[in-house]
Amino acid sequence: MSILQFKIAVGEMAQGATAPSIPPVWQRELLNARNTPQVTFTHHEFDKVVESKVCASSLHDMACNCFSFGPTQISAIRKKLPHHLHKSSTFEVLTACLWRCHTIAIQLNSEDEVRLIFAINVRNKFNLPIGYYGNGIAVSLALTTAGKLWQNPLEYALELIKSAKNNVTEEYVRSLIDLLVIKGRPFLTMVNSYFVSDITRIRFEALDFGLGKAAFGGPGKIFPGLDPANFYMPMKNSQGEEGIMVPMCLPTLAMERFVKELDSILGDH
């Protein structure tokens, strides 16, 4: 959101404005750690995990694909869920599907822990002012084993995601901020982790620097094996329907298994 605000301001000034329509707010102290930092939640996204031999693979044999999900594909996934979960959000439904397919594809040991890590906008939880240029994002995590994820139906993954989202309260975020101060900003655990960043609502493609709307808004390049995030980006299909594009890189054989598993869910779609 901060990057978007900055680029909107640049676009306005490129078209003759003398100042941004939304004045920038720098008040980083709004998200300072508490006077006595106190970690009150367990934050497994920072666990130190040793990579198993099963998941260690060559970065020289990677396949990269982009997968498009429009209304038809999302509906096909929903049909695999019990009726009481049909009203789950598109993010929850799609992420449950992709996390499960990804875990099946990389063929971990059944007892290996797997993590789903995703970013959550917390600006509303802290009433951050419009124009705030700092980060207003927390990370949440769903944790299980590879065996439980692939042996259970899709709703198992979905329920884990819903629970992880509900855990992100103001106290959870304060605990996260305090942990970052106490531990010196540790890195997220990427071993056996599926990391999702949903930028479909940020609307980078709406930027205008005086030459018209952007043709694309999102990462310029995905680096195989080096870029941990799986971005959800807005797109339109050939029928003009809005949907989500998900670029993904996996070892070649794992990509083949991923596509096969996804096909079994989507069917003819």
# chains A, B, ... in the order shown; residues from 1 in each chain; ligands from 1
>>> select_by_dssp(residues="region 93-186 of chain A", states="strand (DSSP E or B)", output="JSON, numbers by chain")
{"A": [113, 114, 115, 116, 117, 118, 119, 120, 121, 132, 137, 138, 139, 140, 141, 142, 143, 144, 145]}
>>> select_by_dssp(residues="region 97-217 of chain A", states="alpha helix (DSSP H)", output="PyMOL selection string")
chain A and resi 97-106+146-151+154-166+170-182
>>> write_last_selection(atoms="N, CA and C atoms", output="CSV table (one decimal), in the first residue's frame")
chain,number,residue,atom,x,y,z
A,97,CYS,N,-6.5,-24.6,-1.9
A,97,CYS,CA,-6.2,-25.5,-3.0
A,97,CYS,C,-4.8,-25.5,-3.4
A,98,LEU,N,-4.2,-24.4,-3.6
A,98,LEU,CA,-2.8,-24.3,-4.1
A,98,LEU,C,-1.8,-24.8,-3.0
A,99,TRP,N,-2.0,-24.5,-1.7
A,99,TRP,CA,-1.1,-25.1,-0.7
A,99,TRP,C,-1.1,-26.6,-0.7
A,100,ARG,N,-2.3,-27.2,-0.8
A,100,ARG,CA,-2.4,-28.6,-0.8
A,100,ARG,C,-1.7,-29.2,-2.0
A,101,CYS,N,-2.0,-28.6,-3.2
A,101,CYS,CA,-1.4,-29.1,-4.4
A,101,CYS,C,0.1,-29.0,-4.4
A,102,HIS,N,0.6,-27.9,-3.9
A,102,HIS,CA,2.0,-27.6,-3.8
A,102,HIS,C,2.7,-28.6,-2.9
A,103,THR,N,2.1,-28.9,-1.7
A,103,THR,CA,2.6,-29.9,-0.8
A,103,THR,C,2.7,-31.3,-1.4
A,104,ILE,N,1.6,-31.7,-2.1
A,104,ILE,CA,1.6,-33.0,-2.7
A,104,ILE,C,2.7,-33.0,-3.8
A,105,ALA,N,2.9,-32.0,-4.5
A,105,ALA,CA,3.9,-31.9,-5.6
A,105,ALA,C,5.3,-32.1,-5.2
A,106,ILE,N,5.7,-31.5,-4.1
A,106,ILE,CA,7.1,-31.5,-3.7
A,106,ILE,C,7.5,-32.8,-2.9
A,146,ALA,N,2.9,-32.6,6.3
A,146,ALA,CA,2.6,-32.9,4.9
A,146,ALA,C,1.6,-34.0,4.8
A,147,GLY,N,1.8,-35.0,5.7
A,147,GLY,CA,0.8,-36.1,5.6
A,147,GLY,C,-0.6,-35.7,5.9
A,148,LYS,N,-0.8,-34.9,6.9
A,148,LYS,CA,-2.2,-34.5,7.3
A,148,LYS,C,-2.8,-33.6,6.2
A,149,LEU,N,-1.9,-32.8,5.5
A,149,LEU,CA,-2.4,-32.0,4.5
A,149,LEU,C,-2.9,-32.7,3.2
A,150,TRP,N,-2.1,-33.7,2.8
A,150,TRP,CA,-2.5,-34.4,1.6
A,150,TRP,C,-3.5,-35.6,1.9
A,151,GLN,N,-3.5,-36.1,3.1
A,151,GLN,CA,-4.4,-37.2,3.4
A,151,GLN,C,-5.8,-36.7,3.7
A,154,LEU,N,-9.9,-31.2,1.1
A,154,LEU,CA,-9.5,-29.8,1.0
A,154,LEU,C,-10.0,-28.9,2.1
A,155,GLU,N,-11.1,-29.2,2.7
A,155,GLU,CA,-11.6,-28.4,3.8
A,155,GLU,C,-10.7,-28.3,5.0
A,156,TYR,N,-9.8,-29.4,5.2
A,156,TYR,CA,-8.9,-29.4,6.3
A,156,TYR,C,-7.9,-28.2,6.2
A,157,ALA,N,-7.4,-28.0,5.0
A,157,ALA,CA,-6.5,-26.8,4.7
A,157,ALA,C,-7.3,-25.5,4.9
A,158,LEU,N,-8.5,-25.5,4.4
A,158,LEU,CA,-9.3,-24.3,4.5
A,158,LEU,C,-9.5,-23.8,5.9
A,159,GLU,N,-9.9,-24.8,6.8
A,159,GLU,CA,-10.1,-24.5,8.2
A,159,GLU,C,-8.9,-24.0,8.9
A,160,LEU,N,-7.7,-24.5,8.5
A,160,LEU,CA,-6.4,-24.0,9.1
A,160,LEU,C,-6.2,-22.6,8.7
A,161,ILE,N,-6.5,-22.2,7.4
A,161,ILE,CA,-6.3,-20.9,7.0
A,161,ILE,C,-7.3,-19.9,7.7
A,162,LYS,N,-8.5,-20.3,7.8
A,162,LYS,CA,-9.5,-19.5,8.5
A,162,LYS,C,-9.1,-19.2,10.0
A,163,SER,N,-8.6,-20.2,10.6
A,163,SER,CA,-8.1,-20.1,12.0
A,163,SER,C,-6.9,-19.2,12.1
A,164,ALA,N,-6.0,-19.3,11.1
A,164,ALA,CA,-4.8,-18.4,11.1
A,164,ALA,C,-5.2,-17.0,10.9
A,165,LYS,N,-6.2,-16.7,10.1
A,165,LYS,CA,-6.6,-15.3,9.8
A,165,LYS,C,-7.3,-14.8,11.1
A,166,ASN,N,-8.1,-15.6,11.8
A,166,ASN,CA,-8.8,-15.1,13.0
A,166,ASN,C,-7.8,-14.8,14.1
A,170,GLU,N,-5.2,-7.4,17.4
A,170,GLU,CA,-4.3,-6.3,17.7
A,170,GLU,C,-3.2,-6.9,18.6
A,171,GLU,N,-3.5,-7.7,19.6
A,171,GLU,CA,-2.5,-8.2,20.5
A,171,GLU,C,-1.5,-9.1,19.8
A,172,TYR,N,-2.0,-9.9,18.8
A,172,TYR,CA,-1.1,-10.8,18.0
A,172,TYR,C,-0.1,-9.9,17.3
A,173,VAL,N,-0.5,-8.8,16.7
A,173,VAL,CA,0.4,-7.9,15.9
A,173,VAL,C,1.4,-7.3,16.9
A,174,ARG,N,0.9,-6.8,18.1
A,174,ARG,CA,1.8,-6.2,19.1
A,174,ARG,C,2.9,-7.2,19.5
A,175,SER,N,2.5,-8.5,19.7
A,175,SER,CA,3.4,-9.6,20.0
A,175,SER,C,4.4,-9.7,18.9
A,176,LEU,N,4.0,-9.7,17.7
A,176,LEU,CA,4.9,-9.8,16.5
A,176,LEU,C,5.9,-8.7,16.5
A,177,ILE,N,5.4,-7.5,16.7
A,177,ILE,CA,6.3,-6.3,16.7
A,177,ILE,C,7.4,-6.4,17.8
A,178,ASP,N,6.9,-6.9,19.0
A,178,ASP,CA,7.9,-7.0,20.1
A,178,ASP,C,8.9,-8.1,19.8
A,179,LEU,N,8.4,-9.2,19.1
A,179,LEU,CA,9.4,-10.3,18.8
A,179,LEU,C,10.4,-9.8,17.8
A,180,LEU,N,10.0,-9.0,16.8
A,180,LEU,CA,11.0,-8.4,15.9
A,180,LEU,C,12.1,-7.6,16.5
A,181,VAL,N,11.7,-6.9,17.6
A,181,VAL,CA,12.6,-6.1,18.3
A,181,VAL,C,13.6,-6.9,19.2
A,182,ILE,N,13.0,-7.9,19.9
A,182,ILE,CA,13.7,-8.8,20.8
A,182,ILE,C,14.7,-9.6,20.0
>>> closest_atom_pairs(of="region 47-137 of chain A", to="region 20-34 of chain A", cutoff="7 Å", atoms="only C-alpha atoms", output="JSON lines")
{"residue": "A:Gly131", "atom": "CA", "partner": "A:Pro24", "partner_atom": "CA", "distance": 4.7}
{"residue": "A:Tyr132", "atom": "CA", "partner": "A:Val25", "partner_atom": "CA", "distance": 4.4}
{"residue": "A:Tyr133", "atom": "CA", "partner": "A:Trp26", "partner_atom": "CA", "distance": 5.8}
{"residue": "A:Gly134", "atom": "CA", "partner": "A:Arg28", "partner_atom": "CA", "distance": 6.3}
>>> closest_atom_pairs(of="region 203-240 of chain A", to="region 244-257 of chain A", cutoff="6 Å", atoms="only C-alpha atoms", output="JSON lines")
{"residue": "A:Pro224", "atom": "CA", "partner": "A:Cys249", "partner_atom": "CA", "distance": 5.5}
{"residue": "A:Phe231", "atom": "CA", "partner": "A:Val246", "partner_atom": "CA", "distance": 5.9}
{"residue": "A:Tyr232", "atom": "CA", "partner": "A:Val246", "partner_atom": "CA", "distance": 5.1}
{"residue": "A:Met233", "atom": "CA", "partner": "A:Met245", "partner_atom": "CA", "distance": 5.1}
{"residue": "A:Pro234", "atom": "CA", "partner": "A:Ile244", "partner_atom": "CA", "distance": 4.9}
{"residue": "A:Met235", "atom": "CA", "partner": "A:Ile244", "partner_atom": "CA", "distance": 5.6}
>>> closest_residue(among="A:Ile8, A:Ile117, A:Ala19, A:Leu188", to="Ser140 (chain A)", atoms="only C-alpha atoms")
A:Ile117
>>> atom_distance(atom1="CA of Val114 (chain A)", atom2="CA of Thr145 (chain A)")
5.4 Å
>>> residues_around(residues="Phe209 (chain A)", least_positions_apart="4", cutoff="9 Å", atoms="only C-alpha atoms", output="list in words")
Lys7, Ile8, Val10, Gly11, Glu12, Met13, Ala14, Gln15, Lys213 and Ala214 of chain A
>>> write_last_selection(atoms="C-alpha atoms", output="PDB file, in the first residue's frame")
ATOM      1  CA  LYS A   7       3.577   5.973  -7.081  1.00  0.00           C
ATOM      2  CA  ILE A   8       0.152   7.633  -7.146  1.00  0.00           C
ATOM      3  CA  VAL A  10       4.524  10.607  -8.484  1.00  0.00           C
ATOM      4  CA  GLY A  11       1.830  10.118 -11.148  1.00  0.00           C
ATOM      5  CA  GLU A  12      -0.099  13.154  -9.929  1.00  0.00           C
ATOM      6  CA  MET A  13       2.986  15.357  -9.930  1.00  0.00           C
ATOM      7  CA  ALA A  14       4.062  14.026 -13.338  1.00  0.00           C
ATOM      8  CA  GLN A  15       0.743  15.384 -14.600  1.00  0.00           C
ATOM      9  CA  LYS A 213      -3.283   3.361 -17.426  1.00  0.00           C
ATOM     10  CA  ALA A 214      -0.654   0.697 -16.867  1.00  0.00           C
TER      11      ALA A 214
END
